[in-house]
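To keep things clear, I will list the structure first and then write my remarks on it.
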Amino acid sequence: RKEVEQDPGPFNVPEGATVAFNCTYSNSASQSFFWYRQDCRKEPKLLMSVYSSGNEDGRFTAQLNRASQYISLLIRDSKLSDSATYLCVVNIGNQGGKLIFGQGTELSVKP
Amino acid sequence: GAVVSQHPSWVICKSGTSVKIECRSLDFQATTMFWYRQFPKQSLMLMATSNEGSKATYEQGVEKDKFLINHASLTLSTLTVTSAHPEDSSFYICSARDPIVGETQYFGPGTRLLVL
């Protein structure tokens with residue numbers, strides 16, 4: 001079983017759609033959680049951290065369920081510029097800040 | 001946010017040569033840097049954790065004698081791919097953590113290596 005698993009994708013959605021990404025992690029010792037965005041042939045960029053109480057940043061909402069070891073990202077009113085690969089990332093806190101990346105879910109927003 | 005640079009951004013080399021990639025934290029001191037590799041259509045895989053002034057910690061399956069890591073200062077870590085072969089062709093990305101900020105890692109722009 002992979003340590004971090006995401007929806008396989010790709011997701012193809014029209015502009016303005018709402019899209020949700022799901023992610024599960026296997027290590028119960030995981031301490032912090034992130035969503036990164038990676039554009040084609042570029043490095044990943046931090047989109048947002050994910051907190052237990054859930055958090056929102058504009059059109060983006062992240063949720064964490066520690067009991068189910070589940071993380072989600074919701075994008076509302078999707079834009080063409082949201083097209084990218086979204087990476088679910090987990091920090092195994094007792095391993096010196098090691099980040100474990102999911103395989104990524106590709107999103108393509110069409111006009 | 002913090003800035004991390006990598007050099008070179010891309011390199012093409014012949015099989016058997018060695019390639020050095022530099023990772024620099026430009027506006028903060030990074031006691032820890034990380035080296036990742038990403039093959040096409042795959043996610044980032046951590047290769048090793050580099051701590052300033054000490055030996056790097058390699059992930060399982062990563063050959064330490066093939067991927068030499070040096071972290072001689074708080075702003076520079078280098079990865080040398082020794083005797084590179086075509087299967088080493090990949091996107092190599094480093095990240096650095098600013099201990100003052102916390103756990104967030106800042107990624108460099110990556111280095112594309114193509115071994116012919």
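The chains in the structure tokens are called A, B, ... from first to last as shown; in each chain the residues are counted from 1, and the ligands are counted from 1 in the order shown.
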#### Entry: Close residues, Gly102 in chain B itself excluded, 12 Å, only C-alpha atoms, min 3 positions apart in chain, as a PyMOL selection string
(chain A and resi 32+93+96-97) or (chain B and resi 30-32+96-99+105-106)
#### Entry: Contacts of Ser28 in chain A within 12 Å, only C-alpha atoms, excl. fewer than 5 positions in-chain, as a list in words
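So the residues in contact are Glu3, Val4, Asn65, Arg66, Ala67, Ser68, Gln69, Tyr70, Val90, Asn91, Ile92, Gly93 and Asn94 of chain A.
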Where does chain A meet chain B within 8 Å, residue by residue, with the nearest atom pair and distance in Å to one decimal for each, counting only C-alpha atoms, listed by chain and rising number, as a Markdown table?
| residue | atom | partner | partner_atom | distance |
| --- | --- | --- | --- | --- |
| A:Lys42 | CA | B:Pro109 | CA | 6.4 |
| A:Glu43 | CA | B:Pro109 | CA | 5.1 |
| A:Pro44 | CA | B:Phe107 | CA | 6.8 |
| A:Lys45 | CA | B:Phe107 | CA | 7.2 |
| A:Gly97 | CA | B:Glu103 | CA | 6.6 |
| A:Lys98 | CA | B:Thr49 | CA | 8.0 |
| A:Leu99 | CA | B:Leu46 | CA | 7.7 |
| A:Ile100 | CA | B:Leu46 | CA | 7.7 |
| A:Phe101 | CA | B:Leu44 | CA | 6.2 |
| A:Gly102 | CA | B:Ser43 | CA | 6.5 |
| A:Gln103 | CA | B:Ser43 | CA | 4.6 |
| A:Gly104 | CA | B:Ser43 | CA | 6.4 |
Env of Val4 in chain B: 6 Å cut, atoms = only C-alpha atoms, seq-sep filter 6 positions within chain, self excluded. Answer as a CSV table (one decimal) with all heavy atoms, in the first residue's frame.
chain,number,residue,atom,x,y,z
B,24,ARG,N,20.9,26.1,-3.7
B,24,ARG,CA,21.2,27.2,-2.8
B,24,ARG,C,20.0,27.8,-2.2
B,24,ARG,O,19.0,28.0,-2.9
B,24,ARG,CB,22.0,28.3,-3.5
B,24,ARG,CG,23.4,27.9,-4.0
B,24,ARG,CD,24.1,29.1,-4.7
B,24,ARG,NE,25.3,28.7,-5.2
B,24,ARG,CZ,26.5,28.6,-4.6
B,24,ARG,NH1,26.5,29.0,-3.3
B,24,ARG,NH2,27.6,28.2,-5.1
B,25,SER,N,20.0,28.1,-0.9
B,25,SER,CA,19.0,28.9,-0.3
B,25,SER,C,19.5,30.3,-0.3
B,25,SER,O,20.6,30.6,0.2
B,25,SER,CB,18.7,28.4,1.2
B,25,SER,OG,19.9,28.5,1.9
B,26,LEU,N,18.7,31.2,-0.9
B,26,LEU,CA,19.2,32.5,-1.2
B,26,LEU,C,19.0,33.6,-0.1
B,26,LEU,O,19.7,34.5,0.0
B,26,LEU,CB,18.5,33.1,-2.5
B,26,LEU,CG,18.8,32.2,-3.7
B,26,LEU,CD1,18.2,32.9,-5.0
B,26,LEU,CD2,20.3,32.1,-3.9
B,108,GLY,N,13.4,24.2,-5.0
B,108,GLY,CA,14.2,24.8,-6.1
B,108,GLY,C,13.4,24.5,-7.4
B,108,GLY,O,12.5,23.7,-7.5
Tell me which protein, DNA and RNA residues are within 7 Å of His71 in chain B, counting only C-alpha atoms, leaving out same-chain ones fewer than 5 positions away, and put them as an mmCIF file with all heavy atoms, in the first residue's frame.
data_model
loop_
_atom_site.group_PDB
_atom_site.id
_atom_site.type_symbol
_atom_site.label_atom_id
_atom_site.label_comp_id
_atom_site.auth_asym_id
_atom_site.auth_seq_id
_atom_site.Cartn_x
_atom_site.Cartn_y
_atom_site.Cartn_z
ATOM 1 N N SER B 50 19.789 15.964 3.458
ATOM 2 C CA SER B 50 21.134 16.507 3.593
ATOM 3 C C SER B 50 21.183 17.458 4.780
ATOM 4 O O SER B 50 20.437 18.426 4.824
ATOM 5 C CB SER B 50 21.466 17.257 2.293
ATOM 6 O OG SER B 50 22.613 18.052 2.436
ATOM 7 N N ASN B 51 22.029 17.164 5.741
ATOM 8 C CA ASN B 51 22.176 18.015 6.914
ATOM 9 C C ASN B 51 23.537 18.689 6.894
ATOM 10 O O ASN B 51 24.561 18.031 6.679
ATOM 11 C CB ASN B 51 22.025 17.190 8.192
ATOM 12 C CG ASN B 51 20.632 16.642 8.346
ATOM 13 O OD1 ASN B 51 19.670 17.399 8.452
ATOM 14 N ND2 ASN B 51 20.502 15.332 8.332
ATOM 15 N N GLU B 52 23.541 19.981 7.133
ATOM 16 C CA GLU B 52 24.773 20.747 7.088
ATOM 17 C C GLU B 52 25.796 20.193 8.075
ATOM 18 O O GLU B 52 25.484 19.988 9.248
ATOM 19 C CB GLU B 52 24.473 22.222 7.386
ATOM 20 C CG GLU B 52 25.674 23.143 7.208
ATOM 21 C CD GLU B 52 26.445 23.366 8.499
ATOM 22 O OE1 GLU B 52 25.858 23.188 9.579
ATOM 23 O OE2 GLU B 52 27.628 23.734 8.417
ATOM 24 N N GLY B 53 26.975 19.916 7.555
ATOM 25 C CA GLY B 53 28.075 19.471 8.397
ATOM 26 C C GLY B 53 28.069 17.995 8.755
ATOM 27 O O GLY B 53 28.928 17.548 9.523
ATOM 28 N N LEU B 76 24.220 25.955 0.905
ATOM 29 C CA LEU B 76 24.564 25.208 -0.306
ATOM 30 C C LEU B 76 24.622 23.707 -0.049
ATOM 31 O O LEU B 76 25.285 23.242 0.876
ATOM 32 C CB LEU B 76 25.914 25.673 -0.844
ATOM 33 C CG LEU B 76 26.496 24.872 -2.024
ATOM 34 C CD1 LEU B 76 25.596 25.004 -3.258
ATOM 35 C CD2 LEU B 76 27.916 25.332 -2.341
ATOM 36 N N SER B 77 23.910 22.968 -0.896
ATOM 37 C CA SER B 77 24.037 21.516 -0.928
ATOM 38 C C SER B 77 24.261 21.122 -2.374
ATOM 39 O O SER B 77 23.697 21.741 -3.281
ATOM 40 C CB SER B 77 22.776 20.841 -0.384
ATOM 41 O OG SER B 77 22.862 19.431 -0.503
ATOM 42 N N THR B 78 25.094 20.120 -2.590
ATOM 43 C CA THR B 78 25.327 19.659 -3.954
ATOM 44 C C THR B 78 25.023 18.170 -4.065
ATOM 45 O O THR B 78 25.238 17.401 -3.118
ATOM 46 C CB THR B 78 26.783 19.902 -4.404
ATOM 47 O OG1 THR B 78 27.667 19.179 -3.540
ATOM 48 C CG2 THR B 78 27.130 21.374 -4.374
#
#### Entry: Atom pair CA of Cys88 in chain A / CA of Glu15 in chain A: separation (Å)
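Result for CA of Cys88 in chain A versus CA of Glu15 in chain A: 22.7 Å, one decimal.
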### Message
Between CA of Arg59 in chain A and CA of Gly9 in chain A, what is the distance in Å, rounded to a tenth?
### Response
20.5 Å
### Task
Assign secondary structure with DSSP using the backbone only, and return the residues of chain A in strand (DSSP E) as a PyMOL selection string.
chain A and resi 4-6+11-14+19-25+30-38+44-50+55-57+60-65+70-75+84-92+98-101+105-110
### Task
Pick out the residues sitting within 10 Å of Pro8 in chain A, and hand them over as a ChimeraX atom specification; count only C-alpha atoms, and ignore anything fewer than 3 positions along from it in its own chain.
/A:5,11,21-22,103-106
Take the residues from that selection and write them out as a CSV table (one decimal), in the first residue's frame, keeping all heavy atoms.
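Contents of the output file selection.csv:
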chain,number,residue,atom,x,y,z
A,5,GLU,N,-2.0,8.1,-1.1
A,5,GLU,CA,-2.7,7.7,-2.3
A,5,GLU,C,-3.7,8.8,-2.7
A,5,GLU,O,-4.5,9.3,-1.8
A,5,GLU,CB,-3.4,6.4,-2.1
A,5,GLU,CG,-2.5,5.2,-2.1
A,5,GLU,CD,-3.2,3.9,-2.5
A,5,GLU,OE1,-3.6,3.8,-3.6
A,5,GLU,OE2,-3.3,3.0,-1.6
A,11,PHE,N,-8.7,14.8,-14.2
A,11,PHE,CA,-10.0,15.4,-14.1
A,11,PHE,C,-10.1,16.4,-15.2
A,11,PHE,O,-9.2,17.3,-15.3
A,11,PHE,CB,-10.2,16.0,-12.7
A,11,PHE,CG,-10.4,15.1,-11.6
A,11,PHE,CD1,-10.1,13.8,-11.7
A,11,PHE,CD2,-10.9,15.6,-10.4
A,11,PHE,CE1,-10.3,12.9,-10.6
A,11,PHE,CE2,-11.1,14.7,-9.3
A,11,PHE,CZ,-10.8,13.4,-9.4
A,21,PHE,N,-10.7,16.8,-4.8
A,21,PHE,CA,-9.6,15.8,-4.8
A,21,PHE,C,-9.6,15.1,-3.4
A,21,PHE,O,-9.7,15.7,-2.4
A,21,PHE,CB,-8.2,16.5,-5.0
A,21,PHE,CG,-8.1,17.2,-6.3
A,21,PHE,CD1,-7.9,18.6,-6.3
A,21,PHE,CD2,-8.3,16.6,-7.5
A,21,PHE,CE1,-7.8,19.3,-7.5
A,21,PHE,CE2,-8.2,17.3,-8.7
A,21,PHE,CZ,-7.9,18.6,-8.7
A,22,ASN,N,-9.3,13.8,-3.5
A,22,ASN,CA,-9.3,13.0,-2.3
A,22,ASN,C,-7.9,12.4,-2.1
A,22,ASN,O,-7.2,12.1,-3.1
A,22,ASN,CB,-10.3,11.9,-2.3
A,22,ASN,CG,-11.7,12.4,-2.5
A,22,ASN,OD1,-12.1,13.3,-1.7
A,22,ASN,ND2,-12.4,12.0,-3.5
A,103,GLN,N,0.9,10.6,-5.7
A,103,GLN,CA,1.3,10.5,-7.1
A,103,GLN,C,0.7,11.7,-7.9
A,103,GLN,O,1.1,11.9,-9.0
A,103,GLN,CB,0.8,9.2,-7.7
A,103,GLN,CG,-0.6,9.0,-8.0
A,103,GLN,CD,-1.4,8.5,-6.8
A,103,GLN,OE1,-1.1,8.7,-5.7
A,103,GLN,NE2,-2.6,7.9,-7.1
A,104,GLY,N,-0.2,12.4,-7.3
A,104,GLY,CA,-0.7,13.6,-7.9
A,104,GLY,C,-2.0,13.3,-8.7
A,104,GLY,O,-2.2,12.2,-9.2
A,105,THR,N,-2.8,14.3,-8.8
A,105,THR,CA,-4.0,14.2,-9.6
A,105,THR,C,-4.0,15.4,-10.6
A,105,THR,O,-3.9,16.5,-10.2
A,105,THR,CB,-5.3,14.3,-8.8
A,105,THR,OG1,-5.3,13.2,-7.8
A,105,THR,CG2,-6.5,14.1,-9.7
A,106,GLU,N,-4.1,15.0,-11.9
A,106,GLU,CA,-4.0,16.1,-12.9
A,106,GLU,C,-5.4,16.7,-13.1
A,106,GLU,O,-6.4,16.0,-13.2
A,106,GLU,CB,-3.5,15.5,-14.2
A,106,GLU,CG,-3.3,16.5,-15.3
A,106,GLU,CD,-2.8,15.9,-16.6
A,106,GLU,OE1,-2.3,14.7,-16.5
A,106,GLU,OE2,-2.8,16.5,-17.6
### Task
Excluding Pro111 in chain A and residues on its chain fewer than 3 positions from it, collect all residues at most 10 Å away from it, counting only C-alpha atoms, and give them as JSON, numbers by chain.
{"A": [13, 14, 15, 16, 79, 80, 108]}
### Query
What is the CA of Thr80 in chain B to CA of Ser54 in chain B distance in Å?
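Separation of CA of Thr80 in chain B and CA of Ser54 in chain B: 16.4 Å.
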### Selected residue of minimal separation from Phe28 in chain B among B:Ser9, B:Val3, B:Asp65, B:Tyr58, counting only C-alpha atoms
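Under the stated criterion, the closest residue is B:Val3.
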### Query
Contacts of Phe34 in chain A at 6 Å or less, counting only C-alpha atoms, minus same-chain residues fewer than 4 places along, as a PyMOL selection string?
chain A and resi 48-50+89
